[in-house]
Amino acid sequence: MQNQKYTNELIHETSPYLLQHAHNPVNWQPWGEKALNQAKSGNKLLLISIGYSACHWCHVMEHESFEDAEVAQVMNEHFVCIKIDREERPDIDHIYMTAVQLLTGRGGWPLNCIALPDGRPIWGGTYFPKDSWVEALNAVAVFYSENPKKTEEYAAKMHRGIEQNSLTSVSNGQTNSDPLLLPALLSKWGNQFDTKNGGTKGAPKFMLPNNWQFLLRAGYQFQDKKISDQVKLTLQKMAFGGLYDQIGGGFARYSTDEIWKVPHFEKMLYDNAQLLGLYANAFKTEPNPTYKQVIEETIEFLKRELLSPENGFYSALDADSEGEEGKFYVWTKSELELILKNDFALFSEHFNVNSLGFWEHNQYILLRTEENASFAASHQLQEKELETKRKNWKSLLLAEREKRIRPGLDDKILASWNAMTITGLLGCYNALGQDEYLQLAFRNAKFLKSKMIGDDGRLLHSYKNNQAKINGFLEDYAFVIEAFIAIFESTGEKSWLDEAARLTEITLTEFFDNEKNVFSFTSNDQKDLITRTYEIHDNVIPASNSVMAKNLFRLSYLLDRSEYLTTAKKMLDLVSGNMADYPSGYSNWSQLMLNLTGNHFEVAIVGENALNLLKEFQRNYLPQVVFCAGTSENNLPLLANRFVAGKTLIYICQDNSCQLPIQTVEEALALIQKK
């Protein structure tokens, strides 16, 4: 190994992002007691720098500033420098992101914040060019030295602001769970639709899968063609664009333009996990071959590039390789002609190796403008013939791409993101009936149970090198509980429901704030933060509170725990007063509102053939149904005393009041789906 001129405390970490900075001349330390005590004993300011391994501008700032010995000298002289992987410590990121947003009106990564030795922030921003960075550091250091009292006053003011901001999403004692709120939300949302390119107007375009999950359901439930058509348009345009890896499957994080053409090339597990579930549900409403193709290719991508030997899924792939963003994914014409030979002309039409697909430096981003069937017809090909060609093209180009230097891999395994993947895979299993997807979900779930639950029965957040660490956050509990409920609802295996129930009790004990009727992001025993935060807004990932509220709703019926339903309703009441002002920030909450105000059902299936009937049910889009299935006598509330030997019976229930049993899925669907 090459001798390194510098090595700092990050060399002992497992996070790929932290290890990237282990040989900077900056005396980086991880967040922890040692660094915090050093700041207090030396009365030195904390310089807290937060990013993640797939962050392009984080790499840029590292190269320009953190690898520069002169810049490092300024940092080391005046500050105790702490590097944080936001994906390992989202709790710390929440606090200092809030601070920077209050200070500057915007946020993002890299996130750089200066704080008093006790952690209270006084200054911050995102990316800084080298000269601006050094100038700012010197100015803050001088101000702190010359104005300690003013700095203390400012820190106290900022601290109050962070605490208040954490609950600004909560209605000020006003509640509004009126069913008429939803049509108002949808009308406001509709004004933002990009009816040409899909998604919402403007650029950049983030996929925000949870928004489209809600809109898919709203279009279905309200029979609103405009909304349903917008969801279809969006899913098609995303799948056709350069945002989607046309050769290797899987989606990049967002599109820099309005037409989904040029992505920011990093691939995140959480995006692809959620998009699996979205395309699976869309397929249930309409068996569009594009949706099926996206599902199949994205799962292949996850297996090929993000699945660990232990059946955990890694976190992300970088945007950059060889110092260039997107280099791994784009092609020149000459490369394609050499590889594809006589098929180049047809390929270039199918994937727009033309002025539309042209990007920069004579490189092309592959994207589509037509469904496979219409393209085949217009080129006098049988659809099967085109599919054979497409498979051959992909095989050739994937093999060629594998010869390239790969983007960096963030190989830590996060409980929350893996749980999202389980839920997404189960959605695909239910939609397409592929047992492989169920087995992949099972193996991942068993990994979480065996490797990411500690001896005390509590979840841990991050895993690498056979070591799980960092106490689980609310997001871990919420998404793991959601995944384990989904396993039960897809298979009838009660042990997973039991584990979801056990983790829910821990969550209620360790995270729930009884005064505010909402869950804190960190547990009661988390002592190294200046404040506790509350994750309320749905974003690229749904808020952990909205996920937990939906879990409580489902468990209230599966376990007959009315107090869970009461809590879920109180949580929704807290945010409902603000939903009309910012619909997209409450899309997962809005799904809970649909549960509470729509025509919701519990379906109990009991008998020897229960699992086959369950599988038949699950092929249908039934977001308003909680499923409970068992093949034998069972003490679950929805199944108790309902087993009849030799028969498989279906009970359609609402609020635990059930109709007389029926025996076919067809009869049951007629009752559930009647308008």
# chains A, B, ... in the order shown; residues from 1 in each chain; ligands from 1
>>> residues_around(residues="region 600-614 of chain A", least_positions_apart="3", cutoff="7 Å", atoms="only C-alpha atoms", output="NGL selection string")
:A and (491 or 595 or 617-618 or 624-632 or 638-639 or 642-644 or 647-654 or 665)
>>> residues_around(residues="region 187-200 of chain A", least_positions_apart="2", cutoff="6 Å", atoms="only C-alpha atoms", output="VMD selection string")
chain A and resid 184 to 185 233 to 234 259
>>> write_last_selection(atoms="C-alpha atoms", output="CSV table (one decimal), in the first residue's frame")
chain,number,residue,atom,x,y,z
A,184,ALA,CA,-58.4,20.5,-1.7
A,185,LEU,CA,-54.9,19.0,-1.4
A,233,LEU,CA,-47.1,9.7,-17.5
A,234,THR,CA,-44.6,10.3,-14.7
A,259,ILE,CA,-37.1,15.9,-19.2
>>> residues_around(residues="Ser15 (chain A)", least_positions_apart="2", cutoff="12 Å", atoms="only C-alpha atoms", output="count of residues only")
38
>>> residues_around(residues="Ala282 (chain A)", least_positions_apart="3", cutoff="8 Å", atoms="only C-alpha atoms", output="short mmCIF file (atom, residue, chain, number, x, y, z; two decimals) with N, CA and C atoms, in the first residue's frame")
data_model
loop_
_atom_site.label_atom_id
_atom_site.label_comp_id
_atom_site.auth_asym_id
_atom_site.auth_seq_id
_atom_site.Cartn_x
_atom_site.Cartn_y
_atom_site.Cartn_z
N LEU A 216 -51.20 7.83 -6.89
CA LEU A 216 -51.73 6.60 -7.51
C LEU A 216 -52.98 6.14 -6.76
N LYS A 232 -49.33 7.81 -14.46
CA LYS A 232 -48.85 6.96 -15.56
C LYS A 232 -47.80 7.68 -16.39
N LEU A 278 -43.50 1.33 -5.87
CA LEU A 278 -44.35 2.20 -6.69
C LEU A 278 -44.69 1.54 -8.02
N TYR A 279 -43.67 1.04 -8.71
CA TYR A 279 -43.94 0.40 -10.01
C TYR A 279 -44.73 -0.89 -9.84
N THR A 285 -52.45 -1.92 -11.06
CA THR A 285 -53.58 -1.16 -11.62
C THR A 285 -53.66 -1.32 -13.13
N GLU A 286 -52.50 -1.58 -13.76
CA GLU A 286 -52.44 -1.72 -15.23
C GLU A 286 -51.18 -2.51 -15.57
N PRO A 287 -51.31 -3.70 -16.14
CA PRO A 287 -50.13 -4.54 -16.40
C PRO A 287 -49.28 -4.03 -17.57
N TYR A 291 -43.58 -1.17 -16.73
CA TYR A 291 -43.47 -1.31 -15.27
C TYR A 291 -42.78 -2.63 -14.92
#
>>> select_by_dssp(residues="region 239-324 of chain A", states="helix (DSSP H, G or I)", output="JSON, numbers by chain")
{"A": [239, 240, 269, 270, 271, 272, 273, 274, 275, 276, 277, 278, 279, 280, 281, 282, 283, 284, 285, 289, 290, 291, 292, 293, 294, 295, 296, 297, 298, 299, 300, 301, 302, 303, 304, 305, 306]}
>>> write_last_selection(atoms="C-alpha atoms", output="PDB file, in the first residue's frame")
ATOM      1  CA  ALA A 239     -38.452   4.859 -16.936  1.00  0.00           C
ATOM      2  CA  PHE A 240     -37.684   6.179 -20.435  1.00  0.00           C
ATOM      3  CA  LEU A 269     -30.666   2.129  -2.214  1.00  0.00           C
ATOM      4  CA  TYR A 270     -33.559   4.072  -0.675  1.00  0.00           C
ATOM      5  CA  ASP A 271     -34.702   5.475  -4.047  1.00  0.00           C
ATOM      6  CA  ASN A 272     -34.663   2.120  -5.787  1.00  0.00           C
ATOM      7  CA  ALA A 273     -36.320   0.353  -2.858  1.00  0.00           C
ATOM      8  CA  GLN A 274     -39.251   2.783  -2.888  1.00  0.00           C
ATOM      9  CA  LEU A 275     -39.534   2.806  -6.676  1.00  0.00           C
ATOM     10  CA  LEU A 276     -39.883  -0.983  -6.695  1.00  0.00           C
ATOM     11  CA  GLY A 277     -42.998  -0.653  -4.566  1.00  0.00           C
ATOM     12  CA  LEU A 278     -44.352   2.200  -6.686  1.00  0.00           C
ATOM     13  CA  TYR A 279     -43.937   0.399 -10.014  1.00  0.00           C
ATOM     14  CA  ALA A 280     -45.338  -2.798  -8.468  1.00  0.00           C
ATOM     15  CA  ASN A 281     -48.500  -1.007  -7.345  1.00  0.00           C
ATOM     16  CA  ALA A 282     -48.800   0.692 -10.734  1.00  0.00           C
ATOM     17  CA  PHE A 283     -48.520  -2.727 -12.403  1.00  0.00           C
ATOM     18  CA  LYS A 284     -51.391  -3.955 -10.265  1.00  0.00           C
ATOM     19  CA  THR A 285     -53.575  -1.162 -11.622  1.00  0.00           C
ATOM     20  CA  PRO A 289     -44.825  -4.031 -19.744  1.00  0.00           C
ATOM     21  CA  THR A 290     -42.655  -0.990 -18.978  1.00  0.00           C
ATOM     22  CA  TYR A 291     -43.475  -1.311 -15.271  1.00  0.00           C
ATOM     23  CA  LYS A 292     -42.594  -5.011 -15.349  1.00  0.00           C
ATOM     24  CA  GLN A 293     -39.331  -4.302 -17.157  1.00  0.00           C
ATOM     25  CA  VAL A 294     -38.357  -1.642 -14.599  1.00  0.00           C
ATOM     26  CA  ILE A 295     -39.081  -4.029 -11.724  1.00  0.00           C
ATOM     27  CA  GLU A 296     -37.128  -6.918 -13.220  1.00  0.00           C
ATOM     28  CA  GLU A 297     -34.118  -4.824 -14.250  1.00  0.00           C
ATOM     29  CA  THR A 298     -33.965  -2.863 -10.995  1.00  0.00           C
ATOM     30  CA  ILE A 299     -33.990  -6.052  -8.915  1.00  0.00           C
ATOM     31  CA  GLU A 300     -31.234  -7.443 -11.137  1.00  0.00           C
ATOM     32  CA  PHE A 301     -29.247  -4.253 -10.486  1.00  0.00           C
ATOM     33  CA  LEU A 302     -29.744  -4.596  -6.714  1.00  0.00           C
ATOM     34  CA  LYS A 303     -28.620  -8.229  -6.780  1.00  0.00           C
ATOM     35  CA  ARG A 304     -25.648  -7.574  -9.045  1.00  0.00           C
ATOM     36  CA  GLU A 305     -24.269  -4.374  -7.514  1.00  0.00           C
ATOM     37  CA  LEU A 306     -25.647  -3.789  -4.012  1.00  0.00           C
TER      38      LEU A 306
END
>>> residues_around(residues="region 539-546 of chain A", least_positions_apart="4", cutoff="9 Å", atoms="only C-alpha atoms", output="mmCIF file with C-alpha atoms, in the first residue's frame")
data_model
loop_
_atom_site.group_PDB
_atom_site.id
_atom_site.type_symbol
_atom_site.label_atom_id
_atom_site.label_comp_id
_atom_site.auth_asym_id
_atom_site.auth_seq_id
_atom_site.Cartn_x
_atom_site.Cartn_y
_atom_site.Cartn_z
ATOM 1 C CA PHE A 206 -36.632 14.499 -7.861
ATOM 2 C CA MET A 207 -38.633 11.269 -8.115
ATOM 3 C CA LEU A 208 -40.254 11.470 -4.648
ATOM 4 C CA PRO A 209 -41.797 7.970 -4.881
ATOM 5 C CA ASN A 210 -44.041 8.488 -1.895
ATOM 6 C CA ASN A 211 -45.778 11.414 -3.600
ATOM 7 C CA TYR A 270 -33.559 4.072 -0.675
ATOM 8 C CA ASP A 271 -34.702 5.475 -4.047
ATOM 9 C CA GLN A 274 -39.251 2.783 -2.888
ATOM 10 C CA LEU A 474 -36.942 6.101 14.756
ATOM 11 C CA GLU A 475 -36.464 5.602 10.999
ATOM 12 C CA ASP A 476 -34.947 2.158 11.663
ATOM 13 C CA TYR A 477 -37.789 1.047 13.904
ATOM 14 C CA ALA A 478 -40.492 2.515 11.667
ATOM 15 C CA PHE A 479 -39.274 0.959 8.409
ATOM 16 C CA VAL A 518 -45.325 12.376 18.382
ATOM 17 C CA PHE A 519 -42.163 10.250 18.233
ATOM 18 C CA SER A 520 -38.701 11.728 18.752
ATOM 19 C CA PHE A 521 -36.112 10.762 16.139
ATOM 20 C CA TYR A 534 -38.992 15.253 15.451
ATOM 21 C CA GLU A 535 -39.083 14.103 11.834
ATOM 22 C CA LYS A 550 -49.350 4.036 9.458
ATOM 23 C CA ASN A 551 -47.801 1.066 11.250
ATOM 24 C CA ALA A 568 -52.292 7.217 14.932
ATOM 25 C CA MET A 571 -50.559 12.052 15.266
ATOM 26 C CA LEU A 572 -52.435 12.840 12.054
ATOM 27 C CA SER A 584 -46.059 17.138 -1.139
ATOM 28 C CA GLY A 585 -44.473 17.368 2.319
ATOM 29 C CA TYR A 586 -47.296 15.289 3.784
ATOM 30 C CA SER A 587 -47.895 12.631 1.115
ATOM 31 C CA ASN A 588 -47.411 9.668 3.456
ATOM 32 C CA TRP A 589 -49.600 11.337 6.084
ATOM 33 C CA LEU A 592 -53.025 7.598 6.429
#
>>> atom_distance(atom1="CA of Val480 (chain A)", atom2="CA of Ala415 (chain A)")
7.2 Å
>>> residues_around(residues="region 31-44 of chain A", least_positions_apart="2", cutoff="7 Å", atoms="only C-alpha atoms", output="list in words")
Gln29, Leu46, His78, Phe79, Val80, Ile82, Ile84, Pro117 and Asp118 of chain A
>>> residues_around(residues="Phe265 (chain A)", least_positions_apart="6", cutoff="7 Å", atoms="only C-alpha atoms", output="PyMOL selection string")
chain A and resi 252-253+319+325-326
>>> write_last_selection(atoms="C-alpha atoms", output="short mmCIF file (atom, residue, chain, number, x, y, z; two decimals), in the first residue's frame")
data_model
loop_
_atom_site.label_atom_id
_atom_site.label_comp_id
_atom_site.auth_asym_id
_atom_site.auth_seq_id
_atom_site.Cartn_x
_atom_site.Cartn_y
_atom_site.Cartn_z
CA ALA A 252 -30.13 7.65 -10.26
CA ARG A 253 -31.02 10.09 -7.50
CA ALA A 319 -21.83 9.48 -9.22
CA GLU A 325 -19.42 12.45 -12.97
CA GLY A 326 -21.32 9.85 -14.99
#
>>> atom_distance(atom1="CA of Gly242 (chain A)", atom2="CA of Pro263 (chain A)")
6.4 Å
